[in-house]
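Structure file protein39.cif (mmCIF, C-alpha atoms) is printed below.
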```
data_upload
loop_
_atom_site.label_atom_id
_atom_site.label_comp_id
_atom_site.auth_asym_id
_atom_site.auth_seq_id
_atom_site.Cartn_x
_atom_site.Cartn_y
_atom_site.Cartn_z
CA MET A 1 0.00 0.00 0.00
CA THR A 2 1.31 3.45 -0.90
CA THR A 3 2.40 5.52 2.10
CA ASP A 4 3.78 8.57 0.31
CA PRO A 5 1.15 11.35 0.72
CA GLU A 6 2.08 12.82 -2.68
CA GLU A 7 1.30 9.48 -4.32
CA ARG A 8 -1.85 8.86 -2.27
CA GLN A 9 -3.44 12.23 -2.96
CA PRO A 10 -4.27 11.83 -6.70
CA ALA A 11 -5.96 8.46 -6.05
CA ALA A 12 -7.84 9.91 -3.08
CA VAL A 13 -9.02 12.88 -5.15
CA ASP A 14 -10.09 10.50 -7.93
CA ALA A 15 -12.08 8.45 -5.43
CA TYR A 16 -13.74 11.60 -4.08
CA LEU A 17 -14.63 12.90 -7.54
CA SER A 18 -15.91 9.58 -8.84
CA GLY A 19 -17.96 9.01 -5.70
CA LEU A 20 -19.50 12.45 -6.10
CA LEU A 21 -19.88 12.73 -9.88
CA ALA A 22 -19.58 9.23 -11.35
CA PRO A 23 -20.81 6.79 -8.70
CA ALA A 24 -20.78 3.15 -9.74
CA ASP A 25 -24.17 1.47 -10.04
CA GLU A 26 -24.61 -2.28 -9.73
CA THR A 27 -24.17 -2.84 -13.47
CA LEU A 28 -20.92 -0.92 -13.78
CA ALA A 29 -19.55 -2.44 -10.56
CA ALA A 30 -20.43 -5.94 -11.77
CA ALA A 31 -18.72 -5.26 -15.11
CA LEU A 32 -15.49 -4.44 -13.30
CA ASP A 33 -15.83 -7.33 -10.86
CA ASP A 34 -16.51 -9.90 -13.58
CA SER A 35 -13.67 -8.56 -15.72
CA ALA A 36 -11.27 -8.93 -12.81
CA ALA A 37 -12.60 -12.41 -11.96
CA ALA A 38 -12.02 -13.46 -15.58
CA GLY A 39 -8.40 -12.33 -15.35
CA LEU A 40 -8.70 -9.33 -17.65
CA PRO A 41 -6.04 -6.66 -17.03
CA GLY A 42 -7.19 -3.70 -14.95
CA ILE A 43 -6.59 -1.18 -17.72
CA ASN A 44 -10.18 -0.03 -18.11
CA VAL A 45 -10.88 3.69 -18.01
CA SER A 46 -11.51 5.21 -14.60
CA ALA A 47 -15.04 6.06 -13.48
CA THR A 48 -14.52 9.77 -14.06
CA HIS A 49 -13.08 9.10 -17.52
CA GLY A 50 -16.03 6.85 -18.31
CA LYS A 51 -18.39 9.61 -17.24
CA LEU A 52 -16.46 12.07 -19.41
CA LEU A 53 -16.86 9.81 -22.45
CA HIS A 54 -20.57 9.56 -21.66
CA LEU A 55 -20.89 13.35 -21.48
CA ILE A 56 -18.89 13.91 -24.67
CA ALA A 57 -21.23 11.55 -26.50
CA ARG A 58 -24.29 13.33 -25.11
CA ILE A 59 -22.95 16.83 -25.77
CA GLN A 60 -21.98 15.84 -29.30
CA GLY A 61 -25.40 14.28 -29.88
CA ALA A 62 -23.80 11.04 -31.03
CA ARG A 63 -26.05 8.40 -32.58
CA ARG A 64 -23.39 6.10 -34.02
CA VAL A 65 -20.25 5.29 -32.02
CA LEU A 66 -17.17 3.23 -32.83
CA GLU A 67 -14.97 1.94 -30.03
CA ILE A 68 -11.59 0.41 -30.85
CA GLY A 69 -10.63 -1.74 -27.88
CA THR A 70 -13.44 -3.26 -25.80
CA LEU A 71 -11.70 -5.06 -22.93
CA GLY A 72 -14.54 -6.02 -20.54
CA GLY A 73 -17.05 -3.52 -21.89
CA TYR A 74 -16.85 -0.98 -19.06
CA SER A 75 -16.24 2.04 -21.29
CA THR A 76 -18.64 0.51 -23.82
CA ILE A 77 -21.46 0.67 -21.27
CA TRP A 78 -20.70 4.29 -20.42
CA LEU A 79 -20.77 5.24 -24.09
CA ALA A 80 -23.82 3.17 -25.04
CA ARG A 81 -25.84 4.65 -22.19
CA ALA A 82 -25.39 8.07 -23.80
CA LEU A 83 -27.04 7.05 -27.06
CA PRO A 84 -30.62 7.77 -28.09
CA ALA A 85 -33.14 4.94 -28.47
CA ASP A 86 -32.19 4.43 -32.12
CA GLY A 87 -28.45 4.77 -31.52
CA SER A 88 -25.83 2.08 -32.10
CA LEU A 89 -22.29 1.27 -31.04
CA ILE A 90 -19.79 -1.05 -32.67
CA THR A 91 -16.85 -2.09 -30.54
CA LEU A 92 -13.78 -3.96 -31.82
CA GLU A 93 -11.96 -6.43 -29.57
CA TYR A 94 -8.93 -8.53 -30.44
CA SER A 95 -9.37 -11.20 -27.76
CA ASP A 96 -12.12 -13.82 -27.89
CA ARG A 97 -11.99 -14.11 -24.10
CA HIS A 98 -12.29 -10.38 -23.56
CA ALA A 99 -15.18 -10.23 -26.02
CA GLU A 100 -16.98 -13.04 -24.18
CA VAL A 101 -16.74 -11.16 -20.89
CA ALA A 102 -17.72 -7.88 -22.54
CA ARG A 103 -20.81 -9.39 -24.18
CA ALA A 104 -22.00 -10.75 -20.83
CA ASN A 105 -21.48 -7.35 -19.20
CA ILE A 106 -23.22 -5.54 -22.05
CA THR A 107 -26.17 -7.95 -21.95
CA ARG A 108 -26.56 -7.50 -18.19
CA ALA A 109 -26.63 -3.74 -18.81
CA GLY A 110 -29.54 -4.25 -21.21
CA LEU A 111 -27.50 -2.89 -24.12
CA ASP A 112 -27.03 -5.97 -26.28
CA LYS A 113 -29.50 -4.62 -28.84
CA VAL A 114 -27.51 -1.38 -29.04
CA VAL A 115 -23.94 -2.73 -29.00
CA GLU A 116 -22.27 -5.05 -31.49
CA VAL A 117 -18.96 -6.63 -30.46
CA ARG A 118 -16.75 -7.63 -33.39
CA VAL A 119 -13.83 -9.93 -32.63
CA GLY A 120 -10.47 -9.86 -34.36
CA ALA A 121 -7.59 -7.50 -34.96
CA ALA A 122 -9.02 -4.01 -35.38
CA LEU A 123 -6.92 -3.40 -38.47
CA ASP A 124 -8.64 -6.42 -40.04
CA SER A 125 -12.13 -5.28 -38.97
CA LEU A 126 -11.85 -1.62 -39.92
CA PRO A 127 -11.64 -2.13 -43.71
CA GLY A 128 -14.85 -4.17 -43.54
CA LEU A 129 -16.61 -1.40 -41.68
CA ALA A 130 -15.46 1.10 -44.29
CA ASP A 131 -16.71 -1.17 -47.06
CA GLU A 132 -20.10 -1.26 -45.32
CA GLY A 133 -20.25 2.52 -45.57
CA ALA A 134 -20.07 2.97 -41.81
CA ASP A 135 -20.21 6.56 -40.64
CA PHE A 136 -19.65 7.47 -36.98
CA ASP A 137 -20.32 10.55 -34.89
CA LEU A 138 -17.82 9.55 -32.21
CA VAL A 139 -14.79 7.26 -32.25
CA PHE A 140 -13.06 6.17 -29.04
CA ILE A 141 -9.59 4.68 -29.61
CA ASP A 142 -8.25 2.62 -26.70
CA ALA A 143 -6.39 -0.38 -28.10
CA ASP A 144 -2.74 -1.27 -28.73
CA LYS A 145 -0.88 2.02 -28.83
CA VAL A 146 1.62 1.11 -31.52
CA ASN A 147 -1.19 1.22 -34.09
CA ASN A 148 -2.78 4.46 -32.89
CA PRO A 149 -1.88 6.45 -36.03
CA ARG A 150 -3.47 3.79 -38.23
CA TYR A 151 -6.58 3.78 -36.07
CA VAL A 152 -6.85 7.55 -36.43
CA GLU A 153 -6.45 7.27 -40.20
CA TRP A 154 -9.22 4.67 -40.41
CA ALA A 155 -11.44 6.74 -38.13
CA LEU A 156 -11.09 9.66 -40.52
CA ARG A 157 -12.41 7.50 -43.35
CA MET A 158 -15.58 6.78 -41.39
CA THR A 159 -16.41 10.14 -39.86
CA HIS A 160 -17.82 13.43 -41.10
CA PRO A 161 -17.60 17.13 -40.24
CA GLY A 162 -18.73 17.46 -36.65
CA SER A 163 -17.55 14.00 -35.59
CA VAL A 164 -15.30 13.64 -32.54
CA LEU A 165 -12.28 11.37 -31.99
CA VAL A 166 -10.99 10.51 -28.52
CA VAL A 167 -7.61 8.77 -28.21
CA ASP A 168 -6.83 7.37 -24.78
CA ASN A 169 -3.52 6.90 -22.94
CA VAL A 170 -1.48 9.47 -24.84
CA VAL A 171 0.91 10.49 -22.04
CA ARG A 172 2.34 7.06 -21.18
CA ASP A 173 3.46 8.07 -17.70
CA GLY A 174 5.29 11.03 -19.23
CA ARG A 175 7.31 8.92 -21.67
CA VAL A 176 5.58 10.56 -24.62
CA THR A 177 8.06 13.43 -24.38
CA ASP A 178 10.99 11.13 -25.23
CA ALA A 179 11.65 11.73 -28.92
CA ASP A 180 14.42 9.12 -28.89
CA SER A 181 12.30 6.32 -27.46
CA THR A 182 12.03 3.14 -29.51
CA ALA A 183 9.22 1.71 -27.37
CA GLY A 184 6.29 0.83 -29.61
CA ASP A 185 3.67 2.49 -27.43
CA VAL A 186 5.61 5.76 -27.30
CA VAL A 187 6.44 5.77 -31.01
CA GLY A 188 2.82 4.99 -31.93
CA THR A 189 1.41 7.58 -29.56
CA ARG A 190 3.77 10.32 -30.74
CA ALA A 191 2.93 9.53 -34.35
CA ALA A 192 -0.80 9.69 -33.58
CA LEU A 193 -0.43 13.02 -31.81
CA GLN A 194 1.59 14.39 -34.73
CA LEU A 195 -1.15 13.24 -37.08
CA LEU A 196 -3.78 14.97 -34.94
CA ALA A 197 -1.69 18.14 -35.00
CA ASP A 198 -0.97 18.13 -38.75
CA HIS A 199 -4.09 16.74 -40.37
CA PRO A 200 -6.07 19.46 -42.17
CA ARG A 201 -9.42 17.89 -41.22
CA LEU A 202 -8.71 17.82 -37.49
CA ASP A 203 -8.62 20.34 -34.68
CA ALA A 204 -7.24 18.65 -31.58
CA THR A 205 -5.92 19.03 -28.08
CA ALA A 206 -4.61 16.69 -25.39
CA ILE A 207 -4.94 16.72 -21.62
CA GLN A 208 -2.63 15.01 -19.17
CA THR A 209 -4.28 13.43 -16.16
CA VAL A 210 -3.23 12.10 -12.79
CA GLY A 211 -5.37 9.89 -10.61
CA ALA A 212 -6.22 6.29 -9.85
CA LYS A 213 -4.73 5.26 -13.19
CA GLY A 214 -1.45 7.09 -12.59
CA HIS A 215 0.00 9.73 -14.90
CA ASP A 216 -1.58 9.57 -18.33
CA GLY A 217 -3.95 11.56 -20.52
CA PHE A 218 -6.12 11.61 -23.61
CA ALA A 219 -6.52 13.54 -26.85
CA VAL A 220 -9.76 14.91 -28.28
CA ALA A 221 -10.10 15.89 -31.93
CA TYR A 222 -12.92 17.59 -33.82
CA VAL A 223 -13.40 16.61 -37.45
CA SER A 224 -13.76 20.01 -39.06
CA SER A 225 -14.15 19.10 -42.72
#
```

Rewrite the structure from the file as structure tokens, please.
Amino acid sequence: MTTDPEERQPAAVDAYLSGLLAPADETLAAALDDSAAAGLPGINVSATHGKLLHLIARIQGARRVLEIGTLGGYSTIWLARALPADGSLITLEYSDRHAEVARANITRAGLDKVVEVRVGAALDSLPGLADEGADFDLVFIDADKVNNPRYVEWALRMTHPGSVLVVDNVVRDGRVTDADSTAGDVVGTRAALQLLADHPRLDATAIQTVGAKGHDGFAVAYVSS
């Protein structure tokens, strides 16, 4: 257990804020519990981040959402709950086991008619979505970081002016500043951020965060044309 007050404080603040503004209901708590019981890694978004995704979707008026990286479906539930009655969400998950857990969590949340879980490498699934003419109002990217720039590029093929992209985990515990790093997650994240900065169709920013998930952050981009 951490004893350093400087390390305890961010987690304590996160707990206070989530308890006040993003309290877990039985469905969300069960999703986390069942994911942990199934041995899934505890890399889901925090409660406050999940609530932020929910609010972004509501503010944006999203009807069609794409999530790249499902894990146990925790963020999926937050996002799907923001959709109107005729809304839909497609989430892409590499692992069969993760998808199985996610589907059970999504069904318990009463969202199985709203959410479709597609299994396989996202870079194999995305061309099929594009061929189907998929068009999304919001894309949440939270998968393997080395492929982040490719995920952004695919997202741009399936969005329109007014769509929003959210890319998670872009600070990498501060390692994102290391231009000489050869680590795949850092290289992929830096390339994605550069793409967000340079692409003529995007207007983006990034926020670093500290809390229960440590030092990290996310990027938000508006598709302007």

*Neighbours of Val176 of chain A within 12 Å (all atoms listed in the file; same-chain residues fewer than 2 positions away dropped), as a VMD selection string?*
chain A and resid 145 169 to 174 178 to 194 206 208 215 to 218

Generate a file of the selected residues that holds C-alpha atoms, formatted as a PDB file, in the frame of the given file.
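Output below, filename again-v1.pdb:
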```pdb
ATOM      1  CA  LYS A 145      -0.880   2.020 -28.830  1.00  0.00           C
ATOM      2  CA  ASN A 169      -3.520   6.900 -22.940  1.00  0.00           C
ATOM      3  CA  VAL A 170      -1.480   9.470 -24.840  1.00  0.00           C
ATOM      4  CA  VAL A 171       0.910  10.490 -22.040  1.00  0.00           C
ATOM      5  CA  ARG A 172       2.340   7.060 -21.180  1.00  0.00           C
ATOM      6  CA  ASP A 173       3.460   8.070 -17.700  1.00  0.00           C
ATOM      7  CA  GLY A 174       5.290  11.030 -19.230  1.00  0.00           C
ATOM      8  CA  ASP A 178      10.990  11.130 -25.230  1.00  0.00           C
ATOM      9  CA  ALA A 179      11.650  11.730 -28.920  1.00  0.00           C
ATOM     10  CA  ASP A 180      14.420   9.120 -28.890  1.00  0.00           C
ATOM     11  CA  SER A 181      12.300   6.320 -27.460  1.00  0.00           C
ATOM     12  CA  THR A 182      12.030   3.140 -29.510  1.00  0.00           C
ATOM     13  CA  ALA A 183       9.220   1.710 -27.370  1.00  0.00           C
ATOM     14  CA  GLY A 184       6.290   0.830 -29.610  1.00  0.00           C
ATOM     15  CA  ASP A 185       3.670   2.490 -27.430  1.00  0.00           C
ATOM     16  CA  VAL A 186       5.610   5.760 -27.300  1.00  0.00           C
ATOM     17  CA  VAL A 187       6.440   5.770 -31.010  1.00  0.00           C
ATOM     18  CA  GLY A 188       2.820   4.990 -31.930  1.00  0.00           C
ATOM     19  CA  THR A 189       1.410   7.580 -29.560  1.00  0.00           C
ATOM     20  CA  ARG A 190       3.770  10.320 -30.740  1.00  0.00           C
ATOM     21  CA  ALA A 191       2.930   9.530 -34.350  1.00  0.00           C
ATOM     22  CA  ALA A 192      -0.800   9.690 -33.580  1.00  0.00           C
ATOM     23  CA  LEU A 193      -0.430  13.020 -31.810  1.00  0.00           C
ATOM     24  CA  GLN A 194       1.590  14.390 -34.730  1.00  0.00           C
ATOM     25  CA  ALA A 206      -4.610  16.690 -25.390  1.00  0.00           C
ATOM     26  CA  GLN A 208      -2.630  15.010 -19.170  1.00  0.00           C
ATOM     27  CA  HIS A 215       0.000   9.730 -14.900  1.00  0.00           C
ATOM     28  CA  ASP A 216      -1.580   9.570 -18.330  1.00  0.00           C
ATOM     29  CA  GLY A 217      -3.950  11.560 -20.520  1.00  0.00           C
ATOM     30  CA  PHE A 218      -6.120  11.610 -23.610  1.00  0.00           C
TER      31      PHE A 218
END
```

*Can you list what the PyMOL selection byres ((chain A and resi 144) around 12) grabs from this structure, as number ranges by chain?*
A: 43, 68-71, 92-95, 121-123, 141-143, 145-151, 167-170, 184-189

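The smallest atom-to-atom distance between Thr91 of chain A and any of A:Lys213, A:Lys113, A:Arg118, A:His49, using all atoms listed in the file, is found for A:Arg118.
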
*What is the distance, in Å and to one decimal place, between atom CA of Ser88 of chain A and atom CA of Pro41 of chain A?*
26.4 Å

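Counting only C-alpha atoms and comparing A:Val65, A:Asp112, A:Ala212, A:Val223, the residue that lies closest to Arg157 of chain A is A:Val223.
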
*Would you list the contacts of Ser225 of chain A as a VMD selection string, taking every protein, DNA or RNA residue within 9 Å and counting only C-alpha atoms, but skipping same-chain residues closer than 4 positions in sequence?*
chain A and resid 160 to 162 200 to 202

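Look at Tyr222 of chain A: the protein and nucleic acid residues within 7 Å of it, using only C-alpha atoms and passing over chain neighbours fewer than 3 places away, are Gly162, Ser163, Val164, Leu165, Leu202, Asp203 and Ala204 of chain A.
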
*Using the chain letters and numbers from the file, which residues does the PyMOL selection byres ((chain A and resi 87) around 9) grab, as a ChimeraX atom specification?*
/A:62-65,80,82-86,88-89,114

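Closest to Tyr74 of chain A among A:Val45, A:Leu196, A:Val119, A:Ala12 is A:Val45, based on only C-alpha atoms.
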
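Distances from A:Asp198, A:Asp131, A:Glu116, A:Asp124 to Glu67 of chain A were compared using all atoms listed in the file, and the smallest one belongs to A:Glu116.
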
*segment 13-24 of chain A: which residues within 7 Å, counting only C-alpha atoms, same-chain residues fewer than 3 positions away excluded, as a PyMOL selection string?*
chain A and resi 9-10+28-29+47-48+51+211-212

_Can you tell me which residues surround Gly73 of chain A at a distance of at most 9 Å, considering all atoms listed in the file, apart from same-chain residues fewer than 3 positions away, and format the answer as a PyMOL selection string?_
chain A and resi 31-32+35+44+69-70+76-78+91+98-99+101-106

*Take atom CA of Arg81 of chain A and atom CA of His54 of chain A and report the distance between them in Å, one decimal.*
7.2 Å

Render segment 112-142 of chain A from the structure in the preceding block as a file of N, CA, C and O atoms, as a PDB file, in the first residue's frame.
```pdb
ATOM      1  N   ASP A 112     -27.448  -5.057 -25.218  1.00  0.00           N
ATOM      2  CA  ASP A 112     -27.035  -5.973 -26.275  1.00  0.00           C
ATOM      3  C   ASP A 112     -27.732  -5.705 -27.599  1.00  0.00           C
ATOM      4  O   ASP A 112     -27.249  -6.136 -28.656  1.00  0.00           O
ATOM      5  N   LYS A 113     -28.835  -4.987 -27.582  1.00  0.00           N
ATOM      6  CA  LYS A 113     -29.503  -4.619 -28.843  1.00  0.00           C
ATOM      7  C   LYS A 113     -28.904  -3.339 -29.430  1.00  0.00           C
ATOM      8  O   LYS A 113     -29.148  -2.999 -30.582  1.00  0.00           O
ATOM      9  N   VAL A 114     -28.130  -2.637 -28.623  1.00  0.00           N
ATOM     10  CA  VAL A 114     -27.509  -1.378 -29.035  1.00  0.00           C
ATOM     11  C   VAL A 114     -26.069  -1.598 -29.482  1.00  0.00           C
ATOM     12  O   VAL A 114     -25.586  -0.953 -30.418  1.00  0.00           O
ATOM     13  N   VAL A 115     -25.385  -2.535 -28.814  1.00  0.00           N
ATOM     14  CA  VAL A 115     -23.945  -2.729 -28.996  1.00  0.00           C
ATOM     15  C   VAL A 115     -23.668  -4.001 -29.786  1.00  0.00           C
ATOM     16  O   VAL A 115     -24.230  -5.064 -29.511  1.00  0.00           O
ATOM     17  N   GLU A 116     -22.774  -3.889 -30.754  1.00  0.00           N
ATOM     18  CA  GLU A 116     -22.268  -5.050 -31.494  1.00  0.00           C
ATOM     19  C   GLU A 116     -20.781  -5.182 -31.212  1.00  0.00           C
ATOM     20  O   GLU A 116     -20.011  -4.241 -31.428  1.00  0.00           O
ATOM     21  N   VAL A 117     -20.376  -6.350 -30.716  1.00  0.00           N
ATOM     22  CA  VAL A 117     -18.962  -6.633 -30.461  1.00  0.00           C
ATOM     23  C   VAL A 117     -18.417  -7.438 -31.625  1.00  0.00           C
ATOM     24  O   VAL A 117     -18.914  -8.527 -31.932  1.00  0.00           O
ATOM     25  N   ARG A 118     -17.408  -6.911 -32.304  1.00  0.00           N
ATOM     26  CA  ARG A 118     -16.753  -7.626 -33.389  1.00  0.00           C
ATOM     27  C   ARG A 118     -15.372  -8.069 -32.927  1.00  0.00           C
ATOM     28  O   ARG A 118     -14.592  -7.267 -32.406  1.00  0.00           O
ATOM     29  N   VAL A 119     -15.068  -9.344 -33.141  1.00  0.00           N
ATOM     30  CA  VAL A 119     -13.828  -9.926 -32.628  1.00  0.00           C
ATOM     31  C   VAL A 119     -12.806 -10.070 -33.752  1.00  0.00           C
ATOM     32  O   VAL A 119     -13.139 -10.475 -34.867  1.00  0.00           O
ATOM     33  N   GLY A 120     -11.571  -9.744 -33.411  1.00  0.00           N
ATOM     34  CA  GLY A 120     -10.468  -9.858 -34.356  1.00  0.00           C
ATOM     35  C   GLY A 120      -9.592  -8.619 -34.277  1.00  0.00           C
ATOM     36  O   GLY A 120      -9.933  -7.639 -33.610  1.00  0.00           O
ATOM     37  N   ALA A 121      -8.472  -8.663 -34.934  1.00  0.00           N
ATOM     38  CA  ALA A 121      -7.591  -7.499 -34.963  1.00  0.00           C
ATOM     39  C   ALA A 121      -8.331  -6.320 -35.576  1.00  0.00           C
ATOM     40  O   ALA A 121      -8.957  -6.450 -36.632  1.00  0.00           O
ATOM     41  N   ALA A 122      -8.265  -5.182 -34.908  1.00  0.00           N
ATOM     42  CA  ALA A 122      -9.015  -4.013 -35.381  1.00  0.00           C
ATOM     43  C   ALA A 122      -8.625  -3.629 -36.804  1.00  0.00           C
ATOM     44  O   ALA A 122      -9.479  -3.230 -37.599  1.00  0.00           O
ATOM     45  N   LEU A 123      -7.354  -3.776 -37.128  1.00  0.00           N
ATOM     46  CA  LEU A 123      -6.917  -3.401 -38.471  1.00  0.00           C
ATOM     47  C   LEU A 123      -7.443  -4.356 -39.538  1.00  0.00           C
ATOM     48  O   LEU A 123      -7.404  -4.036 -40.730  1.00  0.00           O
ATOM     49  N   ASP A 124      -7.942  -5.523 -39.115  1.00  0.00           N
ATOM     50  CA  ASP A 124      -8.638  -6.418 -40.039  1.00  0.00           C
ATOM     51  C   ASP A 124     -10.118  -6.077 -40.123  1.00  0.00           C
ATOM     52  O   ASP A 124     -10.746  -6.261 -41.168  1.00  0.00           O
ATOM     53  N   SER A 125     -10.694  -5.599 -39.018  1.00  0.00           N
ATOM     54  CA  SER A 125     -12.126  -5.285 -38.965  1.00  0.00           C
ATOM     55  C   SER A 125     -12.454  -3.937 -39.589  1.00  0.00           C
ATOM     56  O   SER A 125     -13.527  -3.762 -40.178  1.00  0.00           O
ATOM     57  N   LEU A 126     -11.561  -2.977 -39.467  1.00  0.00           N
ATOM     58  CA  LEU A 126     -11.852  -1.619 -39.925  1.00  0.00           C
ATOM     59  C   LEU A 126     -12.098  -1.520 -41.433  1.00  0.00           C
ATOM     60  O   LEU A 126     -13.028  -0.815 -41.850  1.00  0.00           O
ATOM     61  N   PRO A 127     -11.330  -2.213 -42.281  1.00  0.00           N
ATOM     62  CA  PRO A 127     -11.643  -2.133 -43.712  1.00  0.00           C
ATOM     63  C   PRO A 127     -13.049  -2.635 -44.033  1.00  0.00           C
ATOM     64  O   PRO A 127     -13.732  -2.083 -44.905  1.00  0.00           O
ATOM     65  N   GLY A 128     -13.502  -3.678 -43.319  1.00  0.00           N
ATOM     66  CA  GLY A 128     -14.847  -4.172 -43.539  1.00  0.00           C
ATOM     67  C   GLY A 128     -15.898  -3.152 -43.166  1.00  0.00           C
ATOM     68  O   GLY A 128     -16.903  -2.987 -43.882  1.00  0.00           O
ATOM     69  N   LEU A 129     -15.679  -2.456 -42.078  1.00  0.00           N
ATOM     70  CA  LEU A 129     -16.606  -1.397 -41.680  1.00  0.00           C
ATOM     71  C   LEU A 129     -16.660  -0.308 -42.749  1.00  0.00           C
ATOM     72  O   LEU A 129     -17.737   0.185 -43.093  1.00  0.00           O
ATOM     73  N   ALA A 130     -15.496   0.071 -43.257  1.00  0.00           N
ATOM     74  CA  ALA A 130     -15.460   1.101 -44.293  1.00  0.00           C
ATOM     75  C   ALA A 130     -16.193   0.638 -45.540  1.00  0.00           C
ATOM     76  O   ALA A 130     -16.936   1.410 -46.165  1.00  0.00           O
ATOM     77  N   ASP A 131     -16.026  -0.638 -45.894  1.00  0.00           N
ATOM     78  CA  ASP A 131     -16.713  -1.174 -47.063  1.00  0.00           C
ATOM     79  C   ASP A 131     -18.229  -1.179 -46.879  1.00  0.00           C
ATOM     80  O   ASP A 131     -18.986  -1.085 -47.854  1.00  0.00           O
ATOM     81  N   GLU A 132     -18.661  -1.288 -45.624  1.00  0.00           N
ATOM     82  CA  GLU A 132     -20.098  -1.260 -45.324  1.00  0.00           C
ATOM     83  C   GLU A 132     -20.671   0.151 -45.379  1.00  0.00           C
ATOM     84  O   GLU A 132     -21.878   0.341 -45.243  1.00  0.00           O
ATOM     85  N   GLY A 133     -19.795   1.134 -45.555  1.00  0.00           N
ATOM     86  CA  GLY A 133     -20.247   2.519 -45.574  1.00  0.00           C
ATOM     87  C   GLY A 133     -20.505   3.083 -44.191  1.00  0.00           C
ATOM     88  O   GLY A 133     -21.273   4.036 -44.037  1.00  0.00           O
ATOM     89  N   ALA A 134     -19.860   2.512 -43.182  1.00  0.00           N
ATOM     90  CA  ALA A 134     -20.072   2.970 -41.809  1.00  0.00           C
ATOM     91  C   ALA A 134     -19.674   4.432 -41.662  1.00  0.00           C
ATOM     92  O   ALA A 134     -18.683   4.891 -42.237  1.00  0.00           O
ATOM     93  N   ASP A 135     -20.464   5.143 -40.885  1.00  0.00           N
ATOM     94  CA  ASP A 135     -20.210   6.564 -40.638  1.00  0.00           C
ATOM     95  C   ASP A 135     -20.509   6.830 -39.169  1.00  0.00           C
ATOM     96  O   ASP A 135     -21.619   6.546 -38.698  1.00  0.00           O
ATOM     97  N   PHE A 136     -19.526   7.341 -38.426  1.00  0.00           N
ATOM     98  CA  PHE A 136     -19.652   7.472 -36.983  1.00  0.00           C
ATOM     99  C   PHE A 136     -19.588   8.930 -36.543  1.00  0.00           C
ATOM    100  O   PHE A 136     -18.863   9.747 -37.112  1.00  0.00           O
ATOM    101  N   ASP A 137     -20.331   9.218 -35.501  1.00  0.00           N
ATOM    102  CA  ASP A 137     -20.319  10.549 -34.892  1.00  0.00           C
ATOM    103  C   ASP A 137     -19.208  10.685 -33.856  1.00  0.00           C
ATOM    104  O   ASP A 137     -18.727  11.791 -33.588  1.00  0.00           O
ATOM    105  N   LEU A 138     -18.832   9.563 -33.267  1.00  0.00           N
ATOM    106  CA  LEU A 138     -17.821   9.553 -32.207  1.00  0.00           C
ATOM    107  C   LEU A 138     -17.010   8.274 -32.329  1.00  0.00           C
ATOM    108  O   LEU A 138     -17.578   7.189 -32.494  1.00  0.00           O
ATOM    109  N   VAL A 139     -15.690   8.412 -32.244  1.00  0.00           N
ATOM    110  CA  VAL A 139     -14.793   7.258 -32.253  1.00  0.00           C
ATOM    111  C   VAL A 139     -13.905   7.337 -31.016  1.00  0.00           C
ATOM    112  O   VAL A 139     -13.243   8.363 -30.788  1.00  0.00           O
ATOM    113  N   PHE A 140     -13.908   6.267 -30.232  1.00  0.00           N
ATOM    114  CA  PHE A 140     -13.056   6.174 -29.044  1.00  0.00           C
ATOM    115  C   PHE A 140     -11.988   5.129 -29.317  1.00  0.00           C
ATOM    116  O   PHE A 140     -12.294   3.959 -29.540  1.00  0.00           O
ATOM    117  N   ILE A 141     -10.727   5.545 -29.290  1.00  0.00           N
ATOM    118  CA  ILE A 141      -9.593   4.681 -29.607  1.00  0.00           C
ATOM    119  C   ILE A 141      -8.849   4.344 -28.321  1.00  0.00           C
ATOM    120  O   ILE A 141      -8.259   5.218 -27.673  1.00  0.00           O
ATOM    121  N   ASP A 142      -8.883   3.062 -27.947  1.00  0.00           N
ATOM    122  CA  ASP A 142      -8.248   2.622 -26.704  1.00  0.00           C
ATOM    123  C   ASP A 142      -7.791   1.177 -26.873  1.00  0.00           C
ATOM    124  O   ASP A 142      -8.235   0.277 -26.163  1.00  0.00           O
TER     125      ASP A 142
END
```
